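Dropping data.cif in here (mmCIF, C-alpha atoms):
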```cif
data_my_file
loop_
_atom_site.label_atom_id
_atom_site.label_comp_id
_atom_site.auth_asym_id
_atom_site.auth_seq_id
_atom_site.Cartn_x
_atom_site.Cartn_y
_atom_site.Cartn_z
CA MET O 20 2.31 -12.84 34.64
CA CYS O 21 5.81 -13.02 33.23
CA ASP O 22 4.99 -16.48 31.89
CA TYR O 23 1.84 -15.11 30.23
CA ASN O 24 3.79 -12.27 28.63
CA GLU O 25 6.34 -14.67 27.18
CA LYS O 26 3.65 -16.97 25.78
CA ASN O 27 1.74 -14.01 24.31
CA GLU O 28 4.89 -12.69 22.65
CA ALA O 29 5.73 -16.14 21.28
CA ALA O 30 2.23 -16.48 19.79
CA VAL O 31 2.49 -13.10 18.06
CA ASN O 32 5.97 -13.91 16.72
CA GLU O 33 4.76 -17.27 15.37
CA PHE O 34 1.89 -15.52 13.55
CA ILE O 35 4.30 -12.97 12.06
CA GLU O 36 6.50 -15.80 10.76
CA PHE O 37 3.41 -17.38 9.20
CA LEU O 38 2.56 -14.10 7.43
CA ARG O 39 6.08 -13.67 6.12
CA TYR O 40 7.03 -17.17 5.00
CA GLU O 41 3.74 -18.94 4.29
CA ARG O 42 1.34 -16.21 3.23
CA GLY O 43 4.03 -14.01 1.66
CA SER O 44 2.55 -10.78 3.02
CA ALA O 45 4.18 -7.42 2.26
CA GLU O 46 6.58 -6.06 4.87
CA LEU O 47 4.37 -3.02 5.47
CA THR O 48 1.42 -5.33 6.22
CA ILE O 49 3.56 -7.49 8.50
CA SER O 50 4.79 -4.41 10.38
CA SER O 51 1.21 -3.20 10.90
CA TYR O 52 0.07 -6.58 12.23
CA ARG O 53 3.08 -6.81 14.53
CA ASN O 54 2.54 -3.34 16.01
CA ASP O 55 -1.20 -3.90 16.50
CA LEU O 56 -0.80 -7.29 18.18
CA LYS O 57 2.04 -6.13 20.42
CA ASP O 58 -0.14 -3.23 21.54
CA PHE O 59 -2.96 -5.67 22.31
CA SER O 60 -0.55 -7.94 24.19
CA ARG O 61 0.66 -4.97 26.28
CA PHE O 62 -2.97 -4.15 27.08
CA LEU O 63 -3.54 -7.70 28.35
CA GLY O 64 -0.51 -7.38 30.62
CA GLU O 65 -1.38 -3.91 31.92
CA GLU O 66 -4.95 -4.94 32.75
CA ASP O 67 -3.88 -8.32 34.14
CA PHE O 68 -6.07 -10.21 31.65
CA GLY O 69 -3.49 -12.96 31.26
CA SER O 70 -3.16 -15.29 28.29
CA ILE O 71 -3.76 -14.23 24.73
CA PHE O 72 -5.30 -17.69 24.21
CA GLU O 73 -8.08 -17.10 26.77
CA VAL O 74 -9.43 -13.77 25.52
CA SER O 75 -13.20 -13.18 25.54
CA PRO O 76 -15.26 -10.86 23.29
CA GLU O 77 -15.66 -8.56 26.32
CA ILE O 78 -11.88 -8.18 26.60
CA ILE O 79 -11.65 -7.34 22.89
CA ARG O 80 -14.34 -4.66 23.33
CA ALA O 81 -12.56 -3.28 26.41
CA TYR O 82 -9.38 -2.99 24.37
CA LEU O 83 -11.12 -1.13 21.54
CA THR O 84 -12.82 1.16 24.06
CA ARG O 85 -9.44 2.05 25.51
CA CYS O 86 -8.10 2.72 22.00
CA SER O 87 -11.06 5.05 21.36
CA LEU O 88 -10.51 6.92 24.64
CA GLU O 89 -6.87 7.42 23.66
CA GLY O 90 -7.98 9.15 20.46
CA LEU O 91 -7.45 6.35 17.95
CA GLY O 92 -9.26 7.19 14.69
CA ARG O 93 -11.85 4.89 13.18
CA LYS O 94 -9.58 3.88 10.31
CA SER O 95 -6.85 2.82 12.73
CA ALA O 96 -9.41 1.07 14.94
CA ALA O 97 -10.68 -0.85 11.91
CA ARG O 98 -7.13 -1.97 11.19
CA ARG O 99 -6.72 -3.18 14.80
CA VAL O 100 -9.90 -5.25 14.44
CA SER O 101 -8.59 -6.65 11.14
CA SER O 102 -5.29 -7.62 12.81
CA LEU O 103 -7.06 -9.33 15.70
CA ARG O 104 -9.45 -11.12 13.34
CA ALA O 105 -6.60 -12.54 11.23
CA PHE O 106 -4.58 -13.51 14.33
CA TYR O 107 -7.40 -15.37 16.06
CA LYS O 108 -8.48 -17.05 12.82
CA HIS O 109 -4.92 -18.38 12.58
CA LEU O 110 -5.01 -19.64 16.19
CA LEU O 111 -8.36 -21.34 15.60
CA GLN O 112 -7.19 -23.06 12.40
CA ASN O 113 -4.12 -24.37 14.22
CA GLY O 114 -6.08 -25.72 17.18
CA LYS O 115 -4.63 -23.23 19.67
CA ILE O 116 -8.12 -22.00 20.66
CA SER O 117 -11.58 -23.57 20.41
CA VAL O 118 -13.65 -20.37 20.14
CA ASN O 119 -12.77 -17.25 18.13
CA PRO O 120 -13.38 -14.18 20.37
CA VAL O 121 -13.50 -11.82 17.38
CA THR O 122 -16.41 -13.60 15.66
CA GLY O 123 -19.37 -11.25 15.44
CA LEU O 124 -17.31 -8.15 16.23
CA ARG O 125 -18.23 -5.32 13.88
CA THR O 126 -15.45 -3.43 12.16
CA PRO O 127 -15.64 0.34 12.84
CA LYS O 128 -16.72 2.26 9.76
CA PRO O 129 -13.97 4.46 8.30
CA ASP O 130 -14.08 8.24 8.63
CA GLY O 131 -15.07 8.60 4.98
CA LYS O 132 -11.93 10.50 3.95
CA LEU O 133 -11.21 10.18 0.25
CA PRO O 134 -7.76 9.06 -0.94
CA ASN O 135 -5.35 11.79 -1.95
CA PHE O 136 -4.39 11.94 -5.64
CA LEU O 137 -2.50 14.13 -8.08
CA THR O 138 -4.17 15.75 -11.07
CA GLU O 139 -3.00 14.85 -14.57
CA LYS O 140 -1.18 18.19 -14.83
CA GLU O 141 0.55 17.60 -11.50
CA ILE O 142 1.65 14.16 -12.71
CA ASP O 143 3.16 15.84 -15.79
CA TYR O 144 5.07 18.29 -13.57
CA LEU O 145 6.33 15.47 -11.34
CA LEU O 146 7.54 13.36 -14.27
CA SER O 147 9.46 16.20 -15.91
CA GLU O 148 11.99 16.83 -13.11
CA GLN O 149 14.38 13.89 -13.58
CA ASP O 150 17.87 14.28 -15.07
CA LEU O 151 17.80 11.59 -17.75
CA SER O 152 21.51 11.95 -18.54
CA THR O 153 22.36 10.03 -15.34
CA TRP O 154 21.43 6.44 -14.50
CA LEU O 155 19.97 7.51 -11.15
CA GLY O 156 17.78 10.15 -12.80
CA ALA O 157 16.66 7.60 -15.38
CA ARG O 158 15.93 5.14 -12.56
CA ASP O 159 13.79 7.66 -10.70
CA LYS O 160 11.88 8.45 -13.89
CA ALA O 161 11.26 4.75 -14.51
CA ILE O 162 10.06 4.18 -10.92
CA LEU O 163 7.55 7.03 -11.08
CA GLU O 164 6.35 6.00 -14.54
CA VAL O 165 5.76 2.40 -13.39
CA LEU O 166 4.02 3.42 -10.16
CA TYR O 167 1.67 5.69 -12.08
CA GLY O 168 1.54 3.81 -15.41
CA GLY O 169 0.88 0.42 -13.83
CA GLY O 170 -0.84 1.33 -10.56
CA LEU O 171 1.61 -0.77 -8.55
CA ARG O 172 1.90 -0.81 -4.78
CA ILE O 173 5.37 0.15 -3.55
CA SER O 174 5.98 -3.38 -2.24
CA GLU O 175 5.08 -4.78 -5.67
CA LEU O 176 7.51 -2.40 -7.35
CA THR O 177 10.47 -3.17 -5.07
CA GLY O 178 9.84 -6.89 -5.60
CA LEU O 179 10.10 -6.68 -9.40
CA SER O 180 12.68 -8.81 -11.14
CA ARG O 181 13.77 -8.77 -14.77
CA SER O 182 11.83 -11.99 -15.34
CA SER O 183 8.66 -10.14 -14.24
CA PHE O 184 8.40 -8.37 -17.60
CA ARG O 185 6.48 -9.73 -20.57
CA SER O 186 5.74 -8.59 -24.13
CA GLY O 187 8.89 -6.53 -24.55
CA GLY O 188 8.46 -4.76 -21.21
CA ARG O 189 4.86 -3.67 -21.82
CA ILE O 190 3.31 -6.08 -19.30
CA VAL O 191 4.64 -6.81 -15.83
CA LYS O 192 3.76 -9.71 -13.54
CA VAL O 193 3.46 -8.61 -9.92
CA ARG O 194 2.85 -10.39 -6.64
CA GLY O 195 0.33 -8.42 -4.60
CA LYS O 196 -1.55 -8.75 -1.33
CA GLY O 197 -2.25 -12.25 -0.13
CA ASN O 198 0.51 -13.52 -2.42
CA ARG O 199 -1.88 -13.11 -5.38
CA GLU O 200 -0.31 -12.60 -8.80
CA ARG O 201 -1.66 -10.40 -11.57
CA LEU O 202 -0.54 -8.97 -14.90
CA CYS O 203 -0.29 -5.16 -15.14
CA PRO O 204 -0.13 -3.47 -18.55
CA LEU O 205 2.41 -0.65 -18.76
CA GLY O 206 2.09 2.29 -21.09
CA GLU O 207 4.65 2.98 -23.78
CA ARG O 208 6.26 5.72 -21.70
CA ALA O 209 6.67 3.50 -18.65
CA GLY O 210 8.07 0.62 -20.72
CA LYS O 211 10.56 2.86 -22.50
CA ALA O 212 11.60 4.52 -19.22
CA VAL O 213 12.47 1.10 -17.74
CA GLU O 214 14.34 0.09 -20.89
CA ASP O 215 16.40 3.31 -20.93
CA TYR O 216 17.16 3.08 -17.21
CA LEU O 217 18.34 -0.53 -17.36
CA ARG O 218 20.70 0.25 -20.23
CA LEU O 219 22.25 3.21 -18.36
CA ALA O 220 22.47 1.29 -15.08
CA GLU O 221 24.23 -1.69 -16.66
CA ASN O 222 26.70 0.59 -18.45
CA HIS O 223 27.40 2.45 -15.20
CA PHE O 224 28.19 -0.62 -13.10
CA ARG O 225 30.21 -2.31 -15.81
CA GLU O 226 32.30 0.81 -16.45
CA CYS O 227 32.94 1.02 -12.70
CA CYS O 228 33.76 -2.72 -12.63
CA ARG O 229 31.30 -3.05 -9.77
CA ALA O 230 29.09 -6.08 -9.22
CA PHE O 231 25.34 -5.51 -9.19
CA ASP O 232 22.16 -7.53 -8.74
CA GLU O 233 21.42 -8.61 -12.30
CA GLU O 234 17.94 -9.96 -11.49
CA ALA O 235 16.50 -7.00 -9.54
CA VAL O 236 14.98 -4.22 -11.64
CA PHE O 237 15.42 -1.16 -9.44
CA LEU O 238 18.84 -0.78 -7.82
CA ASN O 239 20.37 1.56 -5.25
CA ARG O 240 23.69 3.29 -5.88
CA PHE O 241 25.54 0.23 -4.55
CA GLY O 242 23.95 -2.13 -7.06
CA ARG O 243 21.59 -3.81 -4.62
CA ARG O 244 17.79 -4.04 -4.77
CA LEU O 245 16.24 -0.67 -3.88
CA LYS O 246 14.13 -0.61 -0.70
CA GLU O 247 10.85 1.18 -0.01
CA GLY O 248 12.42 3.90 2.14
CA GLY O 249 14.64 5.03 -0.73
CA ILE O 250 11.63 5.39 -3.02
CA ARG O 251 9.66 7.44 -0.48
CA LYS O 252 12.63 9.78 -0.01
CA MET O 253 13.09 10.09 -3.77
CA LEU O 254 9.44 11.02 -4.32
CA LYS O 255 9.59 13.78 -1.71
CA LYS O 256 12.59 15.27 -3.52
CA TYR O 257 10.77 15.46 -6.86
CA LEU O 258 7.55 16.79 -5.32
CA LEU O 259 9.62 19.67 -3.95
CA LYS O 260 11.41 20.22 -7.27
CA ALA O 261 8.08 20.26 -9.12
CA GLY O 262 6.69 22.85 -6.71
CA LEU O 263 3.88 20.56 -5.57
CA SER O 264 2.78 21.35 -2.03
CA LYS O 265 0.53 18.30 -1.75
CA SER O 266 1.44 15.57 0.69
CA ALA O 267 1.98 12.53 -1.52
CA THR O 268 3.35 9.03 -1.10
CA PRO O 269 4.05 6.28 -3.64
CA HIS O 270 0.52 5.03 -2.94
CA THR O 271 -0.80 8.45 -4.07
CA LEU O 272 0.38 7.57 -7.58
CA ARG O 273 -1.69 4.38 -7.40
CA HIS O 274 -4.71 6.45 -6.30
CA SER O 275 -4.03 8.83 -9.20
CA TYR O 276 -3.80 5.92 -11.65
CA ALA O 277 -7.22 4.57 -10.64
CA THR O 278 -8.85 8.00 -10.55
CA HIS O 279 -7.59 8.97 -14.00
CA LEU O 280 -8.68 5.64 -15.51
CA LEU O 281 -12.23 6.24 -14.27
CA ASP O 282 -12.08 9.87 -15.40
CA HIS O 283 -11.38 8.53 -18.90
CA ASN O 284 -14.34 6.13 -18.81
CA ALA O 285 -12.72 2.86 -17.72
CA ASP O 286 -15.31 0.55 -16.17
CA LEU O 287 -15.10 -0.25 -12.47
CA ARG O 288 -14.60 -4.02 -12.87
CA SER O 289 -11.63 -3.48 -15.17
CA VAL O 290 -10.06 -1.05 -12.69
CA GLN O 291 -10.61 -3.60 -9.90
CA GLU O 292 -8.76 -6.19 -11.97
CA LEU O 293 -5.91 -3.82 -12.79
CA LEU O 294 -5.48 -2.79 -9.14
CA GLY O 295 -5.62 -6.36 -7.89
CA HIS O 296 -8.46 -5.65 -5.46
CA LYS O 297 -10.09 -8.79 -4.09
CA SER O 298 -13.38 -6.95 -3.53
CA ILE O 299 -15.14 -4.41 -5.75
CA ALA O 300 -15.88 -2.40 -2.58
CA ALA O 301 -12.19 -1.45 -2.32
CA THR O 302 -12.35 0.00 -5.84
CA GLN O 303 -15.62 1.89 -5.42
CA VAL O 304 -13.96 4.61 -3.34
CA TYR O 305 -12.52 5.95 -6.61
CA THR O 306 -16.00 6.53 -7.98
CA HIS O 307 -16.54 8.89 -5.02
CA LEU O 308 -13.35 10.71 -6.00
CA THR O 309 -14.51 11.25 -9.56
CA THR O 310 -18.01 12.27 -8.43
CA LYS O 311 -16.51 14.79 -6.05
CA ARG O 312 -14.43 16.26 -8.87
CA LEU O 313 -17.54 16.66 -11.04
CA LYS O 314 -19.32 18.49 -8.21
CA ASP O 315 -16.30 20.76 -7.65
CA VAL O 316 -16.17 21.62 -11.36
CA TYR O 317 -19.91 22.36 -11.34
CA LYS O 318 -19.64 24.65 -8.32
CA LYS O 319 -16.76 26.60 -9.83
CA ALA O 320 -17.99 26.80 -13.41
CA HIS O 321 -21.76 27.03 -13.51
CA PRO O 322 -22.83 30.68 -13.85
CA ARG O 323 -26.21 30.37 -12.19
CA ASP O 324 -26.61 27.59 -9.65
CA SER O 325 -24.41 25.82 -7.12
CA PHE O 326 -24.67 22.10 -6.65
CA THR O 327 -26.59 20.88 -3.62
CA GLU O 328 -27.09 17.29 -2.53
CA PRO O 329 -30.67 16.02 -2.96
CA GLU O 330 -32.51 15.00 0.18
CA GLN O 331 -32.54 11.28 0.85
#
```

For the file at hand, write its structure as structure tokens.
Amino acid sequence: MCDYNEKNEAAVNEFIEFLRYERGSAELTISSYRNDLKDFSRFLGEEDFGSIFEVSPEIIRAYLTRCSLEGLGRKSAARRVSSLRAFYKHLLQNGKISVNPVTGLRTPKPDGKLPNFLTEKEIDYLLSEQDLSTWLGARDKAILEVLYGGGLRISELTGLSRSSFRSGGRIVKVRGKGNRERLCPLGERAGKAVEDYLRLAENHFRECCRAFDEEAVFLNRFGRRLKEGGIRKMLKKYLLKAGLSKSATPHTLRHSYATHLLDHNADLRSVQELLGHKSIAATQVYTHLTTKRLKDVYKKAHPRDSFTEPEQ
């Protein structure tokens, strides 16, 4: 069994290396895959199922049943299936297995929860709390403006380099999921915020005679490329300062970006392109958000009738 455990762990680690260095997946994606596959590997060991290379569809179903009994939500279960599907596809393509045990396995439907987003007024509150007389305040303003103004994922933002910007800073080239590249237009406010921040940051480090990463866009106080954790912490600080009680993450600004575009009559295909979604289905969730808002407005504002769903 010890030998099986070592081989299973080695197979997972090899797949993680493939994701990082060949596919160029985001660190958050890599971390999710690693955690899911290590959990599956532990399950194989606990149940004495042996090698990860000799798994049957019945074993996969037994694993998902155990996850369900332990209270795993459908969204998390769907992610586990996605991790297993990608892992076994990789093994099959590399000749490590002859039959894919995940083929034909249905992905659990999500719970139907809509993404969280901030209203346009809440965005205004959030973007008015930065101290623009300091380079750090200007940096924070620029980060929030780019996340909201360009709809970037946090991993795309932290990966930005100076050479990513085009057309005087009004278009940015990002590398998204699956190592796919796309061009994201930035509004005038976002472009100017980046320009002002970079000028203040360069002046700060040169006055202090301190070396800094001259290629990275967003820097920490030591002059090195800012990491995702620092951005999450920064956002929480400004949510509190703005008096916003909503739970929000950097991805909430991306949800807000898409929702507000559709609210202002952008077509769905254009929003798909701007977000870098491979499938239109991933973008359609935002149409449910805007429909829900219309219903809420109707319920609150109409003097005579409340809105009820028609029978199917």

Would you mind reading off the distance between atom CA of O:Pro204 and atom CA of O:Ala157, one decimal, in Å?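 Computing the Euclidean distance for atom CA of O:Pro204 and atom CA of O:Ala157 yields 20.4 Å.
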
Which residues are close to stretch 212-225 of chain O, i.e. within 12 Å by all atoms listed in the file, leaving aside same-chain residues fewer than 2 positions away? Reply as a CSV table (one decimal) with C-alpha atoms, in the coordinates of the input.
```csv
chain,number,residue,atom,x,y,z
O,146,LEU,CA,7.5,13.4,-14.3
O,149,GLN,CA,14.4,13.9,-13.6
O,150,ASP,CA,17.9,14.3,-15.1
O,151,LEU,CA,17.8,11.6,-17.8
O,152,SER,CA,21.5,12.0,-18.5
O,153,THR,CA,22.4,10.0,-15.3
O,154,TRP,CA,21.4,6.4,-14.5
O,155,LEU,CA,20.0,7.5,-11.2
O,156,GLY,CA,17.8,10.2,-12.8
O,157,ALA,CA,16.7,7.6,-15.4
O,158,ARG,CA,15.9,5.1,-12.6
O,159,ASP,CA,13.8,7.7,-10.7
O,160,LYS,CA,11.9,8.4,-13.9
O,161,ALA,CA,11.3,4.8,-14.5
O,162,ILE,CA,10.1,4.2,-10.9
O,163,LEU,CA,7.6,7.0,-11.1
O,164,GLU,CA,6.4,6.0,-14.5
O,165,VAL,CA,5.8,2.4,-13.4
O,166,LEU,CA,4.0,3.4,-10.2
O,168,GLY,CA,1.5,3.8,-15.4
O,179,LEU,CA,10.1,-6.7,-9.4
O,180,SER,CA,12.7,-8.8,-11.1
O,181,ARG,CA,13.8,-8.8,-14.8
O,184,PHE,CA,8.4,-8.4,-17.6
O,187,GLY,CA,8.9,-6.5,-24.6
O,188,GLY,CA,8.5,-4.8,-21.2
O,189,ARG,CA,4.9,-3.7,-21.8
O,190,ILE,CA,3.3,-6.1,-19.3
O,191,VAL,CA,4.6,-6.8,-15.8
O,205,LEU,CA,2.4,-0.6,-18.8
O,206,GLY,CA,2.1,2.3,-21.1
O,207,GLU,CA,4.6,3.0,-23.8
O,208,ARG,CA,6.3,5.7,-21.7
O,209,ALA,CA,6.7,3.5,-18.6
O,210,GLY,CA,8.1,0.6,-20.7
O,227,CYS,CA,32.9,1.0,-12.7
O,228,CYS,CA,33.8,-2.7,-12.6
O,229,ARG,CA,31.3,-3.0,-9.8
O,230,ALA,CA,29.1,-6.1,-9.2
O,231,PHE,CA,25.3,-5.5,-9.2
O,232,ASP,CA,22.2,-7.5,-8.7
O,233,GLU,CA,21.4,-8.6,-12.3
O,234,GLU,CA,17.9,-10.0,-11.5
O,235,ALA,CA,16.5,-7.0,-9.5
O,236,VAL,CA,15.0,-4.2,-11.6
O,237,PHE,CA,15.4,-1.2,-9.4
O,238,LEU,CA,18.8,-0.8,-7.8
O,239,ASN,CA,20.4,1.6,-5.2
O,240,ARG,CA,23.7,3.3,-5.9
O,241,PHE,CA,25.5,0.2,-4.6
O,242,GLY,CA,24.0,-2.1,-7.1
O,243,ARG,CA,21.6,-3.8,-4.6
```

Pull out every residue that the PyMOL selection byres ((chain O and resi 96) around 12) matches in the shown coordinates and put them as a PyMOL selection string. chain O and resi 55+59+79-80+82-95+97-103+125-130

Pull out every residue that the PyMOL selection byres ((chain O and resi 174) around 10) matches in the shown coordinates and put them as JSON, numbers by chain. {"O": [44, 45, 46, 47, 48, 171, 172, 173, 175, 176, 177, 178, 179, 193, 194, 195, 196, 246, 247, 269]}

Determine the residue set returned by the PyMOL selection byres ((chain O and resi 271-275) around 6) for the present structure, and present it as a list of chain:residue names.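 For this structure, the PyMOL selection byres ((chain O and resi 271-275) around 6) resolves to O:Phe136, O:Leu137, O:Tyr167, O:Gly170, O:Ala267, O:Thr268, O:Pro269, O:His270, O:Tyr276, O:Ala277, O:Thr278, O:His279.
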
If you count only C-alpha atoms, which residues fall within 10 Å of O:Phe72, apart from same-chain ones fewer than 5 positions away, as an MDAnalysis selection string? chainID O and resid 23 26:27 30 107 110:111 115:120
